[in-house]
Each structure stands twice: as structure tokens, then as C-alpha cells.
>>> print(open('input.cif').read())   # mmCIF, C-alpha atoms and all ligand atoms
data_data
#
loop_
_atom_site.group_PDB
_atom_site.id
_atom_site.type_symbol
_atom_site.label_atom_id
_atom_site.label_comp_id
_atom_site.auth_asym_id
_atom_site.auth_seq_id
_atom_site.Cartn_x
_atom_site.Cartn_y
_atom_site.Cartn_z
ATOM 1 C CA MET I 165 -6.484 -30.529 -11.405
ATOM 2 C CA ARG I 166 -8.891 -27.619 -10.953
ATOM 3 C CA SER I 167 -9.515 -25.527 -14.051
ATOM 4 C CA LYS I 168 -9.032 -21.767 -14.118
ATOM 5 C CA LEU I 169 -11.879 -19.335 -14.752
ATOM 6 C CA VAL I 170 -12.146 -15.596 -15.289
ATOM 7 C CA ALA I 171 -15.571 -14.024 -14.807
ATOM 8 C CA GLY I 172 -16.376 -10.450 -15.820
ATOM 9 C CA ASN I 173 -18.920 -8.644 -13.649
ATOM 10 C CA TRP I 174 -20.176 -5.733 -15.757
ATOM 11 C CA LYS I 175 -22.168 -4.321 -12.808
ATOM 12 C CA MET I 176 -24.677 -1.678 -14.024
ATOM 13 C CA HIS I 177 -22.746 -0.780 -17.173
ATOM 14 C CA GLY I 178 -23.303 -1.264 -20.877
ATOM 15 C CA ASP I 179 -25.719 -0.631 -23.695
ATOM 16 C CA PHE I 180 -26.475 -2.580 -26.873
ATOM 17 C CA VAL I 181 -23.826 -0.793 -28.940
ATOM 18 C CA LYS I 182 -20.983 -0.940 -26.399
ATOM 19 C CA ASN I 183 -21.807 -4.558 -25.523
ATOM 20 C CA ALA I 184 -21.732 -5.633 -29.160
ATOM 21 C CA ALA I 185 -18.253 -4.140 -29.597
ATOM 22 C CA LEU I 186 -16.960 -5.818 -26.410
ATOM 23 C CA LEU I 187 -18.551 -9.200 -27.157
ATOM 24 C CA GLY I 188 -17.265 -9.052 -30.736
ATOM 25 C CA GLU I 189 -13.722 -9.076 -29.341
ATOM 26 C CA LEU I 190 -14.389 -11.762 -26.726
ATOM 27 C CA VAL I 191 -16.222 -14.217 -28.949
ATOM 28 C CA THR I 192 -13.130 -15.732 -30.519
ATOM 29 C CA VAL I 193 -11.315 -16.435 -27.244
ATOM 30 C CA ASP I 194 -10.123 -20.017 -26.779
ATOM 31 C CA THR I 195 -11.694 -21.363 -23.585
ATOM 32 C CA SER I 196 -10.227 -24.862 -23.852
ATOM 33 C CA VAL I 197 -7.535 -24.184 -21.219
ATOM 34 C CA ALA I 198 -9.216 -21.566 -18.992
ATOM 35 C CA GLY I 199 -12.875 -20.619 -18.917
ATOM 36 C CA MET I 200 -14.399 -17.190 -19.418
ATOM 37 C CA VAL I 201 -17.800 -15.944 -18.225
ATOM 38 C CA VAL I 202 -19.462 -12.577 -18.810
ATOM 39 C CA ILE I 203 -21.957 -11.297 -16.254
ATOM 40 C CA PRO I 204 -23.997 -8.429 -17.732
ATOM 41 C CA PRO I 205 -27.078 -6.669 -16.331
ATOM 42 C CA PHE I 206 -30.289 -8.694 -16.858
ATOM 43 C CA PRO I 207 -31.516 -6.848 -19.986
ATOM 44 C CA TYR I 208 -28.391 -7.836 -21.928
ATOM 45 C CA LEU I 209 -28.275 -11.555 -21.110
ATOM 46 C CA ALA I 210 -30.083 -12.485 -24.323
ATOM 47 C CA GLN I 211 -27.797 -10.221 -26.372
ATOM 48 C CA CYS I 212 -24.761 -11.939 -24.832
ATOM 49 C CA ARG I 213 -26.228 -15.375 -25.580
ATOM 50 C CA GLU I 214 -26.930 -14.394 -29.161
ATOM 51 C CA LEU I 215 -23.550 -12.808 -29.888
ATOM 52 C CA LEU I 216 -21.446 -15.378 -28.041
ATOM 53 C CA GLY I 217 -23.235 -18.422 -29.425
ATOM 54 C CA ALA I 218 -23.977 -21.590 -27.538
ATOM 55 C CA ARG I 219 -20.411 -22.595 -26.643
ATOM 56 C CA GLY I 220 -17.179 -21.078 -25.426
ATOM 57 C CA VAL I 221 -17.707 -18.011 -23.278
ATOM 58 C CA GLY I 222 -20.253 -18.658 -20.519
ATOM 59 C CA ILE I 223 -22.935 -16.275 -19.328
ATOM 60 C CA GLY I 224 -23.909 -15.359 -15.799
ATOM 61 C CA ALA I 225 -26.383 -13.070 -14.039
ATOM 62 C CA GLN I 226 -25.580 -10.658 -11.222
ATOM 63 C CA ASP I 227 -28.368 -11.771 -8.891
ATOM 64 C CA VAL I 228 -31.179 -14.302 -8.556
ATOM 65 C CA SER I 229 -34.337 -14.544 -6.475
ATOM 66 C CA GLU I 230 -34.350 -16.969 -3.584
ATOM 67 C CA HIS I 231 -37.899 -17.908 -4.699
ATOM 68 C CA PRO I 232 -38.793 -20.131 -7.655
ATOM 69 C CA SER I 233 -41.791 -18.002 -8.804
ATOM 70 C CA GLY I 234 -44.670 -15.970 -7.450
ATOM 71 C CA ALA I 235 -45.626 -12.473 -6.341
ATOM 72 C CA TYR I 236 -42.105 -11.047 -6.039
ATOM 73 C CA THR I 237 -42.166 -7.885 -8.126
ATOM 74 C CA GLY I 238 -38.794 -7.070 -9.618
ATOM 75 C CA GLU I 239 -37.271 -10.470 -8.913
ATOM 76 C CA VAL I 240 -35.884 -12.893 -11.494
ATOM 77 C CA SER I 241 -35.858 -16.643 -10.824
ATOM 78 C CA ALA I 242 -33.116 -19.157 -11.551
ATOM 79 C CA SER I 243 -35.238 -20.985 -14.127
ATOM 80 C CA MET I 244 -35.884 -17.694 -15.971
ATOM 81 C CA LEU I 245 -32.141 -17.100 -16.073
ATOM 82 C CA GLY I 246 -31.678 -20.598 -17.442
ATOM 83 C CA ASP I 247 -34.277 -19.823 -20.123
ATOM 84 C CA VAL I 248 -32.142 -16.974 -21.465
ATOM 85 C CA GLY I 249 -29.015 -19.099 -21.517
ATOM 86 C CA CYS I 250 -27.391 -18.331 -18.158
ATOM 87 C CA GLU I 251 -25.099 -20.914 -16.641
ATOM 88 C CA TYR I 252 -23.757 -18.938 -13.658
ATOM 89 C CA VAL I 253 -25.076 -16.398 -11.173
ATOM 90 C CA LEU I 254 -23.353 -14.187 -8.615
ATOM 91 C CA VAL I 255 -24.736 -14.471 -5.112
ATOM 92 C CA GLY I 256 -23.708 -12.334 -2.177
ATOM 93 C CA HIS I 257 -21.654 -9.763 -4.058
ATOM 94 C CA SER I 258 -20.590 -7.178 -1.483
ATOM 95 C CA GLU I 259 -22.655 -4.507 -3.242
ATOM 96 C CA ARG I 260 -25.766 -6.683 -2.781
ATOM 97 C CA ARG I 261 -24.844 -7.288 0.848
ATOM 98 C CA SER I 262 -24.059 -3.675 1.738
ATOM 99 C CA ILE I 263 -26.369 -1.621 -0.504
ATOM 100 C CA HIS I 264 -29.309 -4.029 -0.669
ATOM 101 C CA GLY I 265 -28.983 -5.446 2.828
ATOM 102 C CA GLU I 266 -28.615 -9.112 1.889
ATOM 103 C CA SER I 267 -27.837 -11.204 4.943
ATOM 104 C CA ASP I 268 -25.687 -14.337 5.024
ATOM 105 C CA LYS I 269 -28.895 -16.388 5.169
ATOM 106 C CA VAL I 270 -30.422 -14.700 2.110
ATOM 107 C CA VAL I 271 -27.161 -15.283 0.232
ATOM 108 C CA ALA I 272 -27.239 -18.959 1.214
ATOM 109 C CA ARG I 273 -30.874 -19.305 0.113
ATOM 110 C CA LYS I 274 -30.006 -17.701 -3.231
ATOM 111 C CA ALA I 275 -27.246 -20.280 -3.690
ATOM 112 C CA VAL I 276 -29.827 -23.024 -3.054
ATOM 113 C CA ALA I 277 -32.232 -21.458 -5.570
ATOM 114 C CA ALA I 278 -29.454 -21.153 -8.163
ATOM 115 C CA CYS I 279 -28.546 -24.830 -7.859
ATOM 116 C CA ALA I 280 -32.201 -25.867 -7.970
ATOM 117 C CA GLY I 281 -32.418 -23.989 -11.277
ATOM 118 C CA GLU I 282 -29.251 -25.726 -12.508
ATOM 119 C CA LEU I 283 -27.126 -22.590 -12.398
ATOM 120 C CA VAL I 284 -23.656 -22.485 -10.869
ATOM 121 C CA PRO I 285 -23.670 -19.991 -7.993
ATOM 122 C CA ILE I 286 -20.557 -17.856 -7.660
ATOM 123 C CA ILE I 287 -20.737 -17.248 -3.909
ATOM 124 C CA CYS I 288 -18.938 -14.031 -2.947
ATOM 125 C CA VAL I 289 -17.358 -13.630 0.473
ATOM 126 C CA GLY I 290 -14.968 -11.066 1.890
ATOM 127 C CA GLU I 291 -14.237 -8.628 4.660
ATOM 128 C CA SER I 292 -14.472 -4.835 4.806
ATOM 129 C CA LEU I 293 -11.423 -2.650 5.480
ATOM 130 C CA GLU I 294 -12.505 -2.093 9.096
ATOM 131 C CA GLU I 295 -12.890 -5.832 9.606
ATOM 132 C CA ARG I 296 -9.427 -6.503 8.163
ATOM 133 C CA GLU I 297 -7.898 -3.798 10.343
ATOM 134 C CA ARG I 298 -9.560 -5.338 13.403
ATOM 135 C CA GLY I 299 -8.012 -8.691 12.448
ATOM 136 C CA GLU I 300 -11.410 -10.202 11.646
ATOM 137 C CA THR I 301 -10.802 -11.370 8.071
ATOM 138 C CA ARG I 302 -10.919 -15.069 8.934
ATOM 139 C CA SER I 303 -13.907 -14.848 11.260
ATOM 140 C CA VAL I 304 -15.948 -12.854 8.709
ATOM 141 C CA VAL I 305 -15.168 -15.225 5.849
ATOM 142 C CA GLU I 306 -15.802 -18.230 8.076
ATOM 143 C CA ARG I 307 -19.185 -16.838 9.192
ATOM 144 C CA GLN I 308 -20.242 -16.135 5.593
ATOM 145 C CA LEU I 309 -19.193 -19.588 4.415
ATOM 146 C CA SER I 310 -20.549 -21.445 7.443
ATOM 147 C CA THR I 311 -23.990 -19.976 6.831
ATOM 148 C CA VAL I 312 -23.903 -21.346 3.287
ATOM 149 C CA LEU I 313 -22.822 -24.708 4.686
ATOM 150 C CA SER I 314 -25.543 -24.811 7.324
ATOM 151 C CA VAL I 315 -28.396 -23.399 5.206
ATOM 152 C CA ALA I 316 -27.499 -24.775 1.790
ATOM 153 C CA GLY I 317 -25.329 -27.777 2.649
ATOM 154 C CA LEU I 318 -22.383 -29.475 1.036
ATOM 155 C CA ASP I 319 -24.308 -30.558 -2.042
ATOM 156 C CA VAL I 320 -24.789 -26.907 -3.003
ATOM 157 C CA LEU I 321 -21.153 -26.056 -2.235
ATOM 158 C CA ARG I 322 -19.978 -28.927 -4.414
ATOM 159 C CA LYS I 323 -21.770 -27.342 -7.377
ATOM 160 C CA SER I 324 -20.597 -23.787 -6.609
ATOM 161 C CA VAL I 325 -17.669 -21.505 -7.214
ATOM 162 C CA VAL I 326 -16.480 -19.302 -4.333
ATOM 163 C CA ALA I 327 -15.154 -15.789 -4.948
ATOM 164 C CA TYR I 328 -13.022 -14.192 -2.253
ATOM 165 C CA GLU I 329 -13.502 -10.465 -2.709
ATOM 166 C CA PRO I 330 -12.051 -8.254 0.018
ATOM 167 C CA VAL I 331 -14.439 -5.294 0.006
ATOM 168 C CA TRP I 332 -11.550 -2.825 0.379
ATOM 169 C CA ALA I 333 -10.156 -4.011 -2.956
ATOM 170 C CA ILE I 334 -13.366 -3.809 -5.011
ATOM 171 C CA GLY I 335 -13.340 -0.863 -7.401
ATOM 172 C CA THR I 336 -10.642 0.870 -5.386
ATOM 173 C CA GLY I 337 -7.564 0.047 -7.449
ATOM 174 C CA ARG I 338 -6.093 -1.436 -4.268
ATOM 175 C CA THR I 339 -5.495 -5.131 -4.923
ATOM 176 C CA ALA I 340 -4.757 -7.741 -2.268
ATOM 177 C CA THR I 341 -1.201 -8.972 -2.636
ATOM 178 C CA PRO I 342 -0.923 -12.493 -4.058
ATOM 179 C CA GLU I 343 0.166 -13.629 -0.579
ATOM 180 C CA GLN I 344 -2.857 -12.007 1.115
ATOM 181 C CA ALA I 345 -5.189 -13.620 -1.436
ATOM 182 C CA GLN I 346 -3.480 -17.012 -1.096
ATOM 183 C CA GLU I 347 -3.721 -16.907 2.683
ATOM 184 C CA VAL I 348 -7.505 -16.417 2.632
ATOM 185 C CA HIS I 349 -8.048 -18.832 -0.258
ATOM 186 C CA ALA I 350 -6.156 -21.555 1.643
ATOM 187 C CA PHE I 351 -8.216 -20.733 4.728
ATOM 188 C CA ILE I 352 -11.453 -21.124 2.724
ATOM 189 C CA ARG I 353 -10.257 -24.430 1.297
ATOM 190 C CA GLY I 354 -9.383 -25.541 4.824
ATOM 191 C CA ILE I 355 -12.908 -24.784 6.095
ATOM 192 C CA LEU I 356 -14.319 -26.904 3.298
ATOM 193 C CA ALA I 357 -11.734 -29.666 3.805
ATOM 194 C CA ALA I 358 -12.870 -30.037 7.399
ATOM 195 C CA ARG I 359 -16.291 -30.986 5.997
ATOM 196 C CA ASP I 360 -15.381 -32.758 2.778
ATOM 197 C CA GLU I 361 -11.887 -33.256 1.317
ATOM 198 C CA GLY I 362 -13.230 -33.898 -2.169
ATOM 199 C CA CYS I 363 -15.252 -30.675 -2.236
ATOM 200 C CA ALA I 364 -12.271 -28.681 -0.950
ATOM 201 C CA ALA I 365 -9.961 -30.154 -3.576
ATOM 202 C CA SER I 366 -12.267 -29.599 -6.523
ATOM 203 C CA ILE I 367 -14.033 -26.281 -5.803
ATOM 204 C CA GLY I 368 -12.891 -23.216 -7.746
ATOM 205 C CA ILE I 369 -11.983 -20.222 -5.583
ATOM 206 C CA LEU I 370 -11.697 -16.974 -7.552
ATOM 207 C CA TYR I 371 -10.043 -13.797 -6.315
ATOM 208 C CA GLY I 372 -11.844 -10.495 -6.939
ATOM 209 C CA GLY I 373 -10.827 -6.920 -6.195
ATOM 210 C CA SER I 374 -9.111 -4.662 -8.730
ATOM 211 C CA VAL I 375 -7.771 -7.529 -10.842
ATOM 212 C CA LYS I 376 -6.020 -6.051 -13.895
ATOM 213 C CA ALA I 377 -3.837 -7.327 -16.707
ATOM 214 C CA SER I 378 -0.822 -6.068 -14.753
ATOM 215 C CA ASN I 379 -1.489 -8.093 -11.574
ATOM 216 C CA ALA I 380 -3.452 -11.126 -12.814
ATOM 217 C CA ALA I 381 -0.468 -13.377 -13.521
ATOM 218 C CA ASP I 382 0.958 -13.006 -10.003
ATOM 219 C CA LEU I 383 -2.441 -13.616 -8.393
ATOM 220 C CA PHE I 384 -3.268 -16.623 -10.581
ATOM 221 C CA ALA I 385 0.134 -18.181 -9.873
ATOM 222 C CA MET I 386 -0.915 -18.769 -6.254
ATOM 223 C CA PRO I 387 -1.791 -22.428 -5.636
ATOM 224 C CA ASP I 388 -5.283 -21.799 -4.238
ATOM 225 C CA VAL I 389 -6.274 -18.977 -6.606
ATOM 226 C CA ASP I 390 -8.280 -20.542 -9.425
ATOM 227 C CA GLY I 391 -8.895 -17.398 -11.443
ATOM 228 C CA GLY I 392 -10.578 -14.052 -11.009
ATOM 229 C CA LEU I 393 -13.873 -12.248 -10.624
ATOM 230 C CA VAL I 394 -13.177 -9.038 -12.494
ATOM 231 C CA GLY I 395 -15.226 -5.833 -12.373
ATOM 232 C CA GLY I 396 -13.946 -2.683 -14.077
ATOM 233 C CA ALA I 397 -11.277 -4.388 -16.177
ATOM 234 C CA SER I 398 -13.822 -6.766 -17.719
ATOM 235 C CA LEU I 399 -15.398 -3.838 -19.602
ATOM 236 C CA VAL I 400 -12.236 -3.305 -21.668
ATOM 237 C CA ALA I 401 -11.798 -6.164 -24.147
ATOM 238 C CA ARG I 402 -8.008 -5.965 -24.412
ATOM 239 C CA GLU I 403 -7.630 -5.876 -20.631
ATOM 240 C CA PHE I 404 -10.050 -8.750 -20.014
ATOM 241 C CA LEU I 405 -8.438 -10.872 -22.725
ATOM 242 C CA GLU I 406 -5.020 -10.254 -21.128
ATOM 243 C CA ILE I 407 -6.426 -11.367 -17.767
ATOM 244 C CA HIS I 408 -7.792 -14.492 -19.414
ATOM 245 C CA ARG I 409 -4.384 -15.082 -20.998
ATOM 246 C CA ALA I 410 -2.802 -14.869 -17.540
ATOM 247 C CA ALA I 411 -5.182 -17.635 -16.433
ATOM 248 C CA VAL I 412 -4.176 -19.758 -19.432
ATOM 249 C CA MET I 413 -0.483 -19.220 -18.696
ATOM 250 C CA ALA I 414 -1.004 -20.158 -15.045
ATOM 251 C CA VAL I 415 -2.302 -23.560 -16.191
ATOM 252 C CA ARG I 416 0.546 -24.236 -18.631
HETATM 253 C C1 LIG I 501 -16.378 -6.877 -8.627
HETATM 254 O O1 LIG I 501 -17.234 -6.091 -8.955
HETATM 255 O O2 LIG I 501 -16.681 -8.022 -8.265
HETATM 256 C C2 LIG I 501 -14.975 -6.438 -8.665
HETATM 257 C C3 LIG I 501 -14.056 -7.264 -8.221
HETATM 258 O O3 LIG I 501 -14.728 -5.192 -9.153
HETATM 259 P P1 LIG I 501 -13.292 -4.565 -9.542
HETATM 260 O O4 LIG I 501 -12.542 -5.596 -10.339
HETATM 261 O O5 LIG I 501 -13.613 -3.357 -10.343
HETATM 262 O O6 LIG I 501 -12.597 -4.265 -8.261
#
>>> encode(input="input.cif", output="C-alpha cells")
Amino acid sequence: MRSKLVAGNWKMHGDFVKNAALLGELVTVDTSVAGMVVIPPFPYLAQCRELLGARGVGIGAQDVSEHPSGAYTGEVSASMLGDVGCEYVLVGHSERRSIHGESDKVVARKAVAACAGELVPIICVGESLEERERGETRSVVERQLSTVLSVAGLDVLRKSVVAYEPVWAIGTGRTATPEQAQEVHAFIRGILAARDEGCAASIGILYGGSVKASNAADLFAMPDVDGGLVGGASLVAREFLEIHRAAVMAVR
């Protein structure tokens, strides 16, 4: 059976004092039934590693360079992230795609770089509101995923987590219904199953987009929803712990 995971994307929020208070509440969480990952801005990765210790809550970065090293000012490589204790990295978050112009190919190359550096890429896919209204949800998600398959290959997908994040639900308070999420998650699993049944059966597919304590249980109860990628609600310890508890309850 696939395990459940909740990952907290802090985006560009936090400072040493606020982080210490948040991490102090997360550190005791029991991750034996469902995993938890925090994804802070780069400068706080080491603080997270130090305060969370070497086990339990995992640590991820919000971005990674597609290059292993070299003259790429401002970039951070997968091996550098590994050096500060990262285990996961987001690739292709919609804010990277839309604000920073990352193409499907760049996202796929970042997934390759993450795996080469022994990080687990959390590959984000999802449609905009206009695309959903035009009935293009499936074709957009399929295009995004197919590029990862063609550029990175199945070996990378097998070591990845996918996050379905409808752009219209991110930071808007408007959550996909559990049925809408399930429909796209099953579609994603179907695309992978056409290539490799084993990969499709074992890969974790997280839902992201205004996940809160009040809606997490219903979302996580869906058969193809393996947890959540959580933005705003991951900055509030009580809320994030409740979301994690919903993941635990969905397993039991
Ligand atoms: C995100 O940033 O990936 C996200 C899902 O944000 P929020 O939970 O705030 O919608």
C-alpha cells in the first residue's frame, strides 16, 4: 500500500524566530504512519535540519538548478541541497512556471537533476482556471507529465512524487472537491499505468490547493489521493498538525 505524505511549502515566508516556534511544535509529530516534510526558503534549510534532527520530519527545498555546478549565479544544485540535509525538492510549482517562466522541459530537467543528486522530486502539475473552463484539464496535465516522461524517463518518475495542484485553487481558498481531485489523480495514475503498472501503483500523488484542516480528511479519503502539498496552512502549526492527522486517519 502507498504511504501518505503531507508536505508544507512555506513559499517566501518565515524568519529564524517564527520558524523556531513552528518547528518546535512539529518536531514531536509521529511520522510512522504518515510522513511529513517541511519546505522552507533556502536560507532556513539548515535551521530546519538542526531543529528537526536527523529523523522524523523530512526537509525539502522549493527549487533546484537543472545544472550540477558551474557559472549559474543564484542557482543552487541538488548536491548542495543534499549537503544541508534536504531529501525532497519541489519542481515545477505553478509559481515557478508562471512567474519565472519555467517550461515543461526545464521542469523535467530539474527532476532529472534532483534524482541525480539523490533528492526526491515533487513534480507539480496542474491547470489554470481558464484551461479548466475550456475543458483542457486533462490535456494540460498530460502534456506536463508526458514531457517529464520523455525528457526524464520512467526511472526518474519511479523515484518521484507527483503533486496535482490546480492553479485556481492555490492560495485562493477555493479547493477542488474531493471528486475533482480524485478524477485528475486517477487520470495521472492512468497515464503512468500505460507506461509502467508498477510505477503507477507505487507513486505518491499529492493534492495541493487550499488544503486546510477542515477539508483534508475528505480529500485524503479519495483512493488516488496520497496526501497533500500544503501552502498557507503549513505555516500554522496546529493547522498543519491537523492536516497530518487527517493523513494518519486516512491510513487507519
Ligand atoms: C502551494 O503553494 O503549493 C499551495 C498549495 O498553496 P495553498 O495551500 O496556500 O493553496
>>> resolve_selection(input="input.cif", expression="the PyMOL selection byres (((not hetatm)) within 6 of (chain I and resi 501))", output="ChimeraX atom specification")
/I:173,333-335,372-375,393-396
>>> closest_residue(input="input.cif", among="I:Leu169, I:Leu370, I:Ile263, I:Val276", to="Val197 of chain I", atoms="all atoms listed in the file")
I:Leu169
>>> atom_distance(input="input.cif", atom1="atom CA of Leu405 of chain I", atom2="atom CA of Gln346 of chain I")
23.0 Å
>>> atom_distance(input="input.cif", atom1="atom CA of Tyr252 of chain I", atom2="atom CA of Gln211 of chain I")
15.9 Å
>>> resolve_selection(input="input.cif", expression="the PyMOL selection byres (((chain I and resi 303) around 12) and not hetatm)", output="ChimeraX atom specification")
/I:289-292,295-296,298-302,304-310,348,351-352,355
>>> residues_around(input="input.cif", residues="segment 176-184 of chain I", least_positions_apart="5", cutoff="10 Å", atoms="all atoms listed in the file", output="CSV table (one decimal) with C-alpha atoms, in the coordinates of the input")
chain,number,residue,atom,x,y,z
I,189,GLU,CA,-13.7,-9.1,-29.3
I,190,LEU,CA,-14.4,-11.8,-26.7
I,204,PRO,CA,-24.0,-8.4,-17.7
I,205,PRO,CA,-27.1,-6.7,-16.3
I,206,PHE,CA,-30.3,-8.7,-16.9
I,207,PRO,CA,-31.5,-6.8,-20.0
I,208,TYR,CA,-28.4,-7.8,-21.9
I,211,GLN,CA,-27.8,-10.2,-26.4
I,212,CYS,CA,-24.8,-11.9,-24.8
I,215,LEU,CA,-23.6,-12.8,-29.9
I,216,LEU,CA,-21.4,-15.4,-28.0
I,226,GLN,CA,-25.6,-10.7,-11.2
I,396,GLY,CA,-13.9,-2.7,-14.1
I,399,LEU,CA,-15.4,-3.8,-19.6
>>> resolve_selection(input="input.cif", expression="the PyMOL selection byres (((chain I and resi 258) around 8) and not hetatm)", output="VMD selection string")
chain I and resid 256 to 257 259 to 262 288 to 290 329 331
